[in-house]
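Structure file coords_21.cif; described as mmCIF, C-alpha atoms (C1' of nucleotides).
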```cif
data_coords
loop_
_atom_site.group_PDB
_atom_site.id
_atom_site.type_symbol
_atom_site.label_atom_id
_atom_site.label_comp_id
_atom_site.auth_asym_id
_atom_site.auth_seq_id
_atom_site.Cartn_x
_atom_site.Cartn_y
_atom_site.Cartn_z
ATOM 1 C CA MET B 1 -19.028 25.473 -43.292
ATOM 2 C CA ALA B 2 -17.618 25.609 -39.789
ATOM 3 C CA PRO B 3 -18.183 22.526 -37.631
ATOM 4 C CA VAL B 4 -20.672 22.908 -34.761
ATOM 5 C CA LYS B 5 -19.083 23.747 -31.403
ATOM 6 C CA THR B 6 -20.089 21.178 -28.813
ATOM 7 C CA PRO B 7 -20.047 21.986 -25.060
ATOM 8 C CA GLN B 8 -16.947 19.783 -24.980
ATOM 9 C CA ASP B 9 -15.236 22.085 -27.492
ATOM 10 C CA LEU B 10 -16.165 25.189 -25.509
ATOM 11 C CA VAL B 11 -14.708 23.826 -22.280
ATOM 12 C CA LYS B 12 -11.571 22.793 -24.119
ATOM 13 C CA ARG B 13 -11.228 26.262 -25.604
ATOM 14 C CA ARG B 14 -11.705 27.837 -22.183
ATOM 15 C CA LEU B 15 -9.068 25.623 -20.599
ATOM 16 C CA LEU B 16 -6.581 26.343 -23.373
ATOM 17 C CA ARG B 17 -7.306 30.035 -23.038
ATOM 18 C CA LEU B 18 -6.631 29.785 -19.311
ATOM 19 C CA TYR B 19 -3.396 27.965 -20.065
ATOM 20 C CA GLY B 20 -2.354 30.657 -22.541
ATOM 21 C CA ALA B 21 -3.122 33.409 -20.035
ATOM 22 C CA LEU B 22 -1.143 31.653 -17.303
ATOM 23 C CA VAL B 23 1.876 31.057 -19.524
ATOM 24 C CA ALA B 24 1.801 34.652 -20.748
ATOM 25 C CA ARG B 25 1.679 35.998 -17.211
ATOM 26 C CA HIS B 26 3.879 33.568 -15.300
ATOM 27 C CA GLY B 27 6.078 31.841 -17.890
ATOM 28 C CA PRO B 28 7.258 28.218 -17.853
ATOM 29 C CA GLN B 29 7.538 26.765 -14.362
ATOM 30 C CA GLY B 30 10.185 24.111 -15.023
ATOM 31 C CA TRP B 31 8.513 21.339 -13.044
ATOM 32 C CA TRP B 32 9.343 18.843 -11.616
ATOM 33 C CA PRO B 33 12.519 20.172 -9.903
ATOM 34 C CA ALA B 34 14.442 16.876 -9.794
ATOM 35 C CA ARG B 35 17.542 15.348 -11.348
ATOM 36 C CA SER B 36 16.096 11.906 -12.017
ATOM 37 C CA PRO B 37 12.716 10.173 -12.286
ATOM 38 C CA PHE B 38 13.397 8.311 -9.035
ATOM 39 C CA GLU B 39 14.035 11.630 -7.318
ATOM 40 C CA VAL B 40 10.639 12.777 -8.622
ATOM 41 C CA ALA B 41 8.971 9.832 -6.919
ATOM 42 C CA VAL B 42 10.861 10.434 -3.682
ATOM 43 C CA GLY B 43 9.879 14.107 -3.777
ATOM 44 C CA ALA B 44 6.243 13.223 -4.475
ATOM 45 C CA ILE B 45 6.119 11.095 -1.325
ATOM 46 C CA LEU B 46 8.066 13.531 0.831
ATOM 47 C CA THR B 47 5.952 16.527 -0.167
ATOM 48 C CA GLN B 48 2.727 14.970 1.112
ATOM 49 C CA HIS B 49 1.237 17.657 3.373
ATOM 50 C CA THR B 50 4.642 19.347 3.459
ATOM 51 C CA ALA B 51 6.176 22.544 2.064
ATOM 52 C CA TRP B 52 8.617 22.001 -0.796
ATOM 53 C CA THR B 53 11.415 23.928 0.954
ATOM 54 C CA SER B 54 11.389 21.249 3.659
ATOM 55 C CA VAL B 55 11.404 18.486 1.061
ATOM 56 C CA GLU B 56 14.469 20.003 -0.625
ATOM 57 C CA ARG B 57 16.511 19.593 2.533
ATOM 58 C CA ALA B 58 15.502 15.966 2.924
ATOM 59 C CA ILE B 59 16.354 15.251 -0.718
ATOM 60 C CA ALA B 60 19.726 16.964 -0.323
ATOM 61 C CA ASN B 61 20.406 14.663 2.637
ATOM 62 C CA LEU B 62 19.450 11.584 0.619
ATOM 63 C CA SER B 63 21.565 12.787 -2.281
ATOM 64 C CA GLY B 64 24.522 13.328 0.060
ATOM 65 C CA ASP B 65 24.185 9.702 1.110
ATOM 66 C CA ARG B 66 23.886 8.679 -2.564
ATOM 67 C CA ALA B 67 20.556 7.086 -1.653
ATOM 68 C CA LEU B 68 18.530 8.311 -4.619
ATOM 69 C CA THR B 69 18.098 4.964 -6.342
ATOM 70 C CA ALA B 70 15.621 2.258 -5.373
ATOM 71 C CA ALA B 71 18.378 -0.187 -4.455
ATOM 72 C CA ARG B 72 20.406 2.271 -2.379
ATOM 73 C CA LEU B 73 17.358 3.621 -0.593
ATOM 74 C CA ALA B 74 16.091 0.114 0.178
ATOM 75 C CA ALA B 75 19.521 -0.781 1.555
ATOM 76 C CA LEU B 76 19.492 2.024 4.135
ATOM 77 C CA ALA B 77 18.776 1.061 7.740
ATOM 78 C CA THR B 78 15.428 2.476 8.841
ATOM 79 C CA PRO B 79 16.824 4.811 11.552
ATOM 80 C CA ARG B 80 19.325 6.159 9.026
ATOM 81 C CA LEU B 81 16.598 6.775 6.441
ATOM 82 C CA GLU B 82 14.374 8.425 9.050
ATOM 83 C CA GLY B 83 17.213 10.703 10.085
ATOM 84 C CA LEU B 84 17.904 11.806 6.522
ATOM 85 C CA ILE B 85 14.304 12.722 5.731
ATOM 86 C CA ARG B 86 13.520 14.238 9.126
ATOM 87 C CA PRO B 87 13.387 17.847 7.789
ATOM 88 C CA ALA B 88 10.368 16.880 5.652
ATOM 89 C CA GLY B 89 8.238 16.003 8.679
ATOM 90 C CA THR B 90 6.224 12.829 9.432
ATOM 91 C CA TYR B 91 9.545 11.084 8.940
ATOM 92 C CA ARG B 92 8.624 7.668 10.363
ATOM 93 C CA LEU B 93 5.546 7.518 8.182
ATOM 94 C CA LYS B 94 7.400 8.720 5.090
ATOM 95 C CA ALA B 95 10.322 6.351 5.649
ATOM 96 C CA ARG B 96 7.841 3.468 5.492
ATOM 97 C CA ARG B 97 6.278 4.906 2.363
ATOM 98 C CA LEU B 98 9.614 5.436 0.600
ATOM 99 C CA ARG B 99 10.588 1.869 1.470
ATOM 100 C CA ALA B 100 7.313 0.514 0.162
ATOM 101 C CA PHE B 101 7.718 2.354 -3.129
ATOM 102 C CA ALA B 102 11.367 1.307 -3.556
ATOM 103 C CA ALA B 103 10.465 -2.303 -2.775
ATOM 104 C CA TRP B 104 7.683 -2.256 -5.331
ATOM 105 C CA LEU B 105 9.907 -0.698 -8.009
ATOM 106 C CA LEU B 106 12.645 -3.250 -7.357
ATOM 107 C CA ALA B 107 10.317 -6.232 -7.316
ATOM 108 C CA ARG B 108 8.345 -5.176 -10.335
ATOM 109 C CA PHE B 109 10.874 -3.415 -12.595
ATOM 110 C CA GLN B 110 14.305 -4.124 -11.087
ATOM 111 C CA GLY B 111 14.285 -0.555 -9.753
ATOM 112 C CA ARG B 112 14.063 1.002 -13.203
ATOM 113 C CA MET B 113 11.779 4.048 -13.419
ATOM 114 C CA ALA B 114 12.075 4.012 -17.228
ATOM 115 C CA ALA B 115 9.884 0.900 -17.234
ATOM 116 C CA LEU B 116 6.959 3.111 -16.103
ATOM 117 C CA GLU B 117 7.063 4.862 -19.476
ATOM 118 C CA ARG B 118 6.007 1.716 -21.336
ATOM 119 C CA GLU B 119 3.495 -0.111 -19.130
ATOM 120 C CA PRO B 120 -0.234 0.033 -19.903
ATOM 121 C CA LEU B 121 -1.310 3.165 -18.053
ATOM 122 C CA ALA B 122 -4.534 2.222 -16.301
ATOM 123 C CA ALA B 123 -3.123 -1.004 -14.843
ATOM 124 C CA LEU B 124 0.101 0.731 -13.841
ATOM 125 C CA ARG B 125 -1.818 3.425 -11.982
ATOM 126 C CA ARG B 126 -3.824 0.779 -10.125
ATOM 127 C CA GLU B 127 -0.595 -0.943 -9.134
ATOM 128 C CA LEU B 128 0.888 2.290 -7.819
ATOM 129 C CA LEU B 129 -2.257 3.011 -5.814
ATOM 130 C CA ALA B 130 -1.911 -0.414 -4.203
ATOM 131 C CA VAL B 131 1.497 0.555 -2.768
ATOM 132 C CA PRO B 132 0.958 1.629 0.856
ATOM 133 C CA GLY B 133 1.294 5.392 1.169
ATOM 134 C CA ILE B 134 0.784 6.094 -2.541
ATOM 135 C CA GLY B 135 -2.571 7.835 -2.987
ATOM 136 C CA PRO B 136 -4.059 9.355 -6.139
ATOM 137 C CA GLU B 137 -2.115 12.613 -6.098
ATOM 138 C CA THR B 138 1.225 10.976 -5.372
ATOM 139 C CA ALA B 139 0.651 8.278 -8.004
ATOM 140 C CA ASP B 140 -0.296 10.840 -10.617
ATOM 141 C CA SER B 141 2.701 13.058 -9.813
ATOM 142 C CA ILE B 142 4.996 10.067 -10.286
ATOM 143 C CA LEU B 143 3.279 9.079 -13.546
ATOM 144 C CA LEU B 144 3.227 12.566 -15.051
ATOM 145 C CA TYR B 145 6.483 14.063 -13.822
ATOM 146 C CA GLY B 146 8.509 10.899 -13.341
ATOM 147 C CA ALA B 147 7.334 8.855 -16.316
ATOM 148 C CA GLY B 148 5.927 11.429 -18.743
ATOM 149 C CA ARG B 149 2.494 9.807 -18.838
ATOM 150 C CA PRO B 150 -0.603 11.883 -19.767
ATOM 151 C CA VAL B 151 -2.188 11.944 -16.293
ATOM 152 C CA PHE B 152 -3.416 15.178 -14.725
ATOM 153 C CA VAL B 153 -2.500 15.857 -11.113
ATOM 154 C CA ALA B 154 -5.892 17.174 -10.019
ATOM 155 C CA ASP B 155 -4.718 18.533 -6.679
ATOM 156 C CA VAL B 156 -6.229 21.084 -4.331
ATOM 157 C CA TYR B 157 -4.625 23.989 -6.221
ATOM 158 C CA SER B 158 -6.026 22.900 -9.577
ATOM 159 C CA ARG B 159 -9.458 22.571 -8.022
ATOM 160 C CA ARG B 160 -9.217 25.899 -6.228
ATOM 161 C CA VAL B 161 -8.211 27.946 -9.252
ATOM 162 C CA LEU B 162 -10.578 26.229 -11.696
ATOM 163 C CA ALA B 163 -13.464 26.527 -9.232
ATOM 164 C CA ARG B 164 -12.711 30.190 -8.472
ATOM 165 C CA HIS B 165 -12.920 30.892 -12.178
ATOM 166 C CA ARG B 166 -16.173 28.915 -12.475
ATOM 167 C CA ILE B 167 -14.750 26.272 -14.787
ATOM 168 C CA VAL B 168 -15.587 23.389 -12.436
ATOM 169 C CA PRO B 169 -17.882 23.085 -9.387
ATOM 170 C CA GLN B 170 -16.439 24.043 -5.993
ATOM 171 C CA ARG B 171 -16.856 20.587 -4.481
ATOM 172 C CA ILE B 172 -15.637 18.446 -7.380
ATOM 173 C CA GLY B 173 -13.724 15.344 -6.226
ATOM 174 C CA TYR B 174 -10.182 14.345 -7.171
ATOM 175 C CA GLU B 175 -11.036 11.606 -9.671
ATOM 176 C CA GLU B 176 -13.868 13.628 -11.143
ATOM 177 C CA LEU B 177 -11.599 16.625 -11.759
ATOM 178 C CA ARG B 178 -8.848 14.446 -13.186
ATOM 179 C CA GLY B 179 -11.327 12.850 -15.614
ATOM 180 C CA PHE B 180 -12.707 16.249 -16.542
ATOM 181 C CA LEU B 181 -9.289 17.690 -17.379
ATOM 182 C CA GLU B 182 -8.007 14.608 -19.163
ATOM 183 C CA SER B 183 -11.109 14.439 -21.326
ATOM 184 C CA HIS B 184 -11.188 18.161 -22.147
ATOM 185 C CA LEU B 185 -7.507 18.669 -22.974
ATOM 186 C CA PRO B 186 -5.209 17.235 -25.641
ATOM 187 C CA GLY B 187 -3.482 14.213 -24.054
ATOM 188 C CA ASP B 188 -0.079 15.878 -24.048
ATOM 189 C CA PRO B 189 2.075 15.284 -20.951
ATOM 190 C CA ARG B 190 3.986 18.522 -21.575
ATOM 191 C CA LEU B 191 0.723 20.479 -21.484
ATOM 192 C CA PHE B 192 -0.456 18.651 -18.328
ATOM 193 C CA ASN B 193 2.939 19.286 -16.740
ATOM 194 C CA GLU B 194 3.015 23.002 -17.426
ATOM 195 C CA LEU B 195 -0.665 23.693 -16.741
ATOM 196 C CA HIS B 196 -0.578 21.881 -13.412
ATOM 197 C CA ALA B 197 2.580 23.691 -12.318
ATOM 198 C CA LEU B 198 1.023 27.028 -13.280
ATOM 199 C CA LEU B 199 -2.195 26.239 -11.403
ATOM 200 C CA VAL B 200 -0.147 25.486 -8.301
ATOM 201 C CA ALA B 201 1.795 28.736 -8.657
ATOM 202 C CA VAL B 202 -1.390 30.798 -9.028
ATOM 203 C CA GLY B 203 -3.319 28.787 -6.426
ATOM 204 C CA LYS B 204 -0.608 29.485 -3.885
ATOM 205 C CA SER B 205 -0.706 33.222 -4.422
ATOM 206 C CA HIS B 206 -3.766 35.280 -5.238
ATOM 207 C CA CYS B 207 -6.309 32.528 -5.765
ATOM 208 C CA ARG B 208 -5.710 31.354 -2.227
ATOM 209 C CA THR B 209 -5.981 34.743 -0.610
ATOM 210 C CA ARG B 210 -8.859 36.210 -2.611
ATOM 211 C CA PRO B 211 -12.145 34.353 -2.179
ATOM 212 C CA ARG B 212 -13.731 35.294 -5.491
ATOM 213 C CA CYS B 213 -10.794 36.413 -7.646
ATOM 214 C CA ASP B 214 -13.066 39.158 -8.992
ATOM 215 C CA GLY B 215 -10.287 41.648 -9.524
ATOM 216 C CA CYS B 216 -7.545 39.210 -10.352
ATOM 217 C CA PRO B 217 -5.503 39.722 -13.523
ATOM 218 C CA LEU B 218 -6.232 36.203 -14.695
ATOM 219 C CA ARG B 219 -9.946 36.936 -14.729
ATOM 220 C CA TRP B 220 -9.397 39.836 -17.082
ATOM 221 C CA ASP B 221 -7.117 37.736 -19.252
ATOM 222 C CA LEU B 222 -9.853 35.146 -19.577
ATOM 223 C CA ARG B 223 -12.417 37.738 -20.570
ATOM 224 C CA GLY B 224 -10.141 39.105 -23.211
ATOM 225 C CA ARG B 225 -10.039 42.597 -21.756
ATOM 226 C CA PRO B 226 -7.040 44.379 -20.332
ATOM 227 C CA PRO B 227 -7.131 45.259 -16.624
ATOM 228 C CA ARG B 228 -7.894 48.945 -16.122
ATOM 229 C CA GLY B 229 -7.819 51.079 -12.994
ATOM 230 C "C1'" DG K 1 1.001 30.446 19.302
ATOM 231 C "C1'" DA K 2 -1.875 29.311 15.417
ATOM 232 C "C1'" DC K 3 -1.932 27.963 10.949
ATOM 233 C "C1'" DC K 4 -0.396 26.013 6.735
ATOM 234 C "C1'" DA K 5 2.436 23.180 3.578
ATOM 235 C "C1'" DG K 6 2.508 20.230 -3.876
ATOM 236 C "C1'" DG K 7 -1.703 13.602 1.343
ATOM 237 C "C1'" DC K 8 -2.710 9.226 2.992
ATOM 238 C "C1'" DA K 9 -4.643 5.622 5.960
ATOM 239 C "C1'" DC K 10 -7.644 4.346 9.182
ATOM 240 C "C1'" DA K 11 -11.630 4.794 12.512
ATOM 241 C "C1'" DT K 12 -16.071 6.126 13.218
ATOM 242 C "C1'" DC K 13 -20.607 7.546 12.314
ATOM 243 C "C1'" DG L 1 -20.044 7.857 1.694
ATOM 244 C "C1'" DA L 2 -18.782 11.749 4.438
ATOM 245 C "C1'" DT L 3 -16.157 13.410 8.169
ATOM 246 C "C1'" DG L 4 -12.451 13.455 11.670
ATOM 247 C "C1'" DT L 5 -7.805 12.458 13.199
ATOM 248 C "C1'" DG L 6 -2.760 11.122 13.480
ATOM 249 C "C1'" DC L 7 1.411 11.763 11.325
ATOM 250 C "C1'" DA L 8 5.597 15.896 12.643
ATOM 251 C "C1'" DT L 9 8.841 19.333 10.848
ATOM 252 C "C1'" DG L 10 9.616 24.108 9.476
ATOM 253 C "C1'" DG L 11 8.152 28.648 7.675
ATOM 254 C "C1'" DT L 12 5.047 32.700 8.147
#
```
Would you put the structure from the file into structure tokens?
Amino acid sequence: MAPVKTPQDLVKRRLLRLYGALVARHGPQGWWPARSPFEVAVGAILTQHTAWTSVERAIANLSGDRALTAARLAALATPRLEGLIRPAGTYRLKARRLRAFAAWLLARFQGRMAALEREPLAALRRELLAVPGIGPETADSILLYGAGRPVFVADVYSRRVLARHRIVPQRIGYEELRGFLESHLPGDPRLFNELHALLVAVGKSHCRTRPRCDGCPLRWDLRGRPPRG
DNA sequence: GACCAGGCACATC
DNA sequence: GATGTGCATGGT
């Protein structure tokens, strides 16, 4: 006898179906585009309210100065650091935030990002959130993409796409959406990684420009019917 | 020239 | 607790 499907199971199935449709249509996204976990954290701070193309230039500047470790970044003079990250915008603000993160990582783990892979997750996340300039989305990006922890980055794109497809309410908050996804998906960082990246890709394109997504290919994929006409 | 981009902190109501 | 605003560059 088949086990009874709970509402929990149905949501899970729907999310996994969405994931399957996204992978089939868009393929693996290869996130996070960084050469080291510390670079992930730097990128997560620099990309706050900023296009990734701008962040890439700032990271290239930091890389050129061999400043992509906590110790090297912390050793930079502030005007130098500000100059390097200027292409990413809000450079004075972000220089402070990068410094604060590097100082925390040095003080707490001798600058070693690998330590984030072993710490108790809930306490570690609280610690990150206490670093000035690290909010929920930045903390979760660092934990998922920089440390491989099973935390969902419940950003505006995730909310937009999931709401457009009536999987979550339109006005769901960050923490609420994160809890929803983490409790309705297998706790697999690779799945969180790929699904989030795909939601961003789709959220940037048609799900941003089409208010109801009624004719969007993804909608047909989810209904199990091929798009016609 | 307006608007947006892989947010956050702080002030105000 | 919700809403508004500063931060600031670069692409469309």
Against chain L, which residues of chain B fall within 8 Å? For each one I want the closest pair of atoms and the distance in Å (one decimal), counting only C-alpha atoms (C1' of nucleotides), rows by chain and increasing residue number, as a tab-separated table.
```
residue	atom	partner	partner_atom	distance
B:Ser54	CA	L:DG10	C1'	6.7
B:Arg86	CA	L:DT9	C1'	7.1
B:Pro87	CA	L:DT9	C1'	5.7
B:Ala88	CA	L:DT9	C1'	5.9
B:Gly89	CA	L:DT9	C1'	4.0
B:Thr90	CA	L:DA8	C1'	4.5
B:Tyr91	CA	L:DA8	C1'	7.2
B:Leu93	CA	L:DC7	C1'	6.7
```
Q. Given the file above and the PyMOL selection byres ((chain B) within 6 of (chain K)), which residues are selected, and can you give them as an NGL selection string?
A. :B and (48-51 or 133)
Q: Just say which residues the PyMOL selection byres ((chain B and resi 143) around 10) picks in this file, as a list in words.
A: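 Applied to this file, the PyMOL selection byres ((chain B and resi 143) around 10) returns Pro37, Val40, Ala41, Met113, Leu116, Glu117, Leu121, Leu124, Arg125, Leu128, Glu137, Thr138, Ala139, Asp140, Ser141, Ile142, Leu144, Tyr145, Gly146, Ala147, Gly148, Arg149, Pro150, Val151, Phe152, Val153 and Pro189 of chain B.
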Listed atoms of segment 85-97 of chain B boxed along x, y and z, 6 Å each side, centre and edge lengths in Å, one decimal, as lines of an AutoDock Vina configuration file:
```
center_x = 9.9
center_y = 10.7
center_z = 6.4
size_x = 20.8
size_y = 26.4
size_z = 20.0
```
**Q.** Radius query 12 Å about (1.8, 30.4, -18.5), atoms used: all atoms listed in the file, as a ChimeraX atom specification
**A.** /B:16-30,191-202,218,221
Generate a file of the selected residues that holds C-alpha atoms, formatted as an mmCIF file, keeping the file's coordinate frame.
```cif
data_model
loop_
_atom_site.group_PDB
_atom_site.id
_atom_site.type_symbol
_atom_site.label_atom_id
_atom_site.label_comp_id
_atom_site.auth_asym_id
_atom_site.auth_seq_id
_atom_site.Cartn_x
_atom_site.Cartn_y
_atom_site.Cartn_z
ATOM 1 C CA LEU B 16 -6.581 26.343 -23.373
ATOM 2 C CA ARG B 17 -7.306 30.035 -23.038
ATOM 3 C CA LEU B 18 -6.631 29.785 -19.311
ATOM 4 C CA TYR B 19 -3.396 27.965 -20.065
ATOM 5 C CA GLY B 20 -2.354 30.657 -22.541
ATOM 6 C CA ALA B 21 -3.122 33.409 -20.035
ATOM 7 C CA LEU B 22 -1.143 31.653 -17.303
ATOM 8 C CA VAL B 23 1.876 31.057 -19.524
ATOM 9 C CA ALA B 24 1.801 34.652 -20.748
ATOM 10 C CA ARG B 25 1.679 35.998 -17.211
ATOM 11 C CA HIS B 26 3.879 33.568 -15.300
ATOM 12 C CA GLY B 27 6.078 31.841 -17.890
ATOM 13 C CA PRO B 28 7.258 28.218 -17.853
ATOM 14 C CA GLN B 29 7.538 26.765 -14.362
ATOM 15 C CA GLY B 30 10.185 24.111 -15.023
ATOM 16 C CA LEU B 191 0.723 20.479 -21.484
ATOM 17 C CA PHE B 192 -0.456 18.651 -18.328
ATOM 18 C CA ASN B 193 2.939 19.286 -16.740
ATOM 19 C CA GLU B 194 3.015 23.002 -17.426
ATOM 20 C CA LEU B 195 -0.665 23.693 -16.741
ATOM 21 C CA HIS B 196 -0.578 21.881 -13.412
ATOM 22 C CA ALA B 197 2.580 23.691 -12.318
ATOM 23 C CA LEU B 198 1.023 27.028 -13.280
ATOM 24 C CA LEU B 199 -2.195 26.239 -11.403
ATOM 25 C CA VAL B 200 -0.147 25.486 -8.301
ATOM 26 C CA ALA B 201 1.795 28.736 -8.657
ATOM 27 C CA VAL B 202 -1.390 30.798 -9.028
ATOM 28 C CA LEU B 218 -6.232 36.203 -14.695
ATOM 29 C CA ASP B 221 -7.117 37.736 -19.252
#
```
Q. Rounded to one decimal in Å, what is the spacing between atom CA of Ala100 of chain B and atom CA of Val131 of chain B?
A.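 According to the coordinates, atom CA of Ala100 of chain B and atom CA of Val131 of chain B are separated by 6.5 Å.
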Q | Coordinates-based distance that separates atom CA of Arg118 of chain B from atom CA of Arg99 of chain B (Å, one decimal) | A |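 Separation of atom CA of Arg99 of chain B and atom CA of Arg118 of chain B: 23.3 Å.
Here atom CA of Arg66 of chain B stands at a distance of 26.5 Å from atom CA of Gly135 of chain B.
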Q: Would you mind listing what lies within 8 Å of Leu15 of chain B as a PyMOL selection string, with only C-alpha atoms (C1' of nucleotides) counted and same-chain residues fewer than 4 positions away left out?
A: chain B and resi 11+19+184-185
(Q) Within 12 Å of (-15.2, 20.7, -9.6) in the file's own coordinates, which protein, DNA or RNA residues have an atom, counting all atoms listed in the file? List them as a list in words. (A)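 In the file's frame, the residues around the point are Ala154, Asp155, Val156, Tyr157, Ser158, Arg159, Arg160, Val161, Leu162, Ala163, Arg164, His165, Arg166, Ile167, Val168, Pro169, Gln170, Arg171, Ile172, Gly173, Tyr174, Glu175, Glu176, Leu177, Arg178, Gly179, Phe180 and Leu181 of chain B.
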Q: For the structure shown, which residues end up in the PyMOL selection byres ((chain B and resi 62) around 12)? Put them as a VMD selection string, please?
A: chain B and resid 38 to 39 42 to 43 46 55 to 61 63 to 70 72 to 74 76 80 to 88 95 98
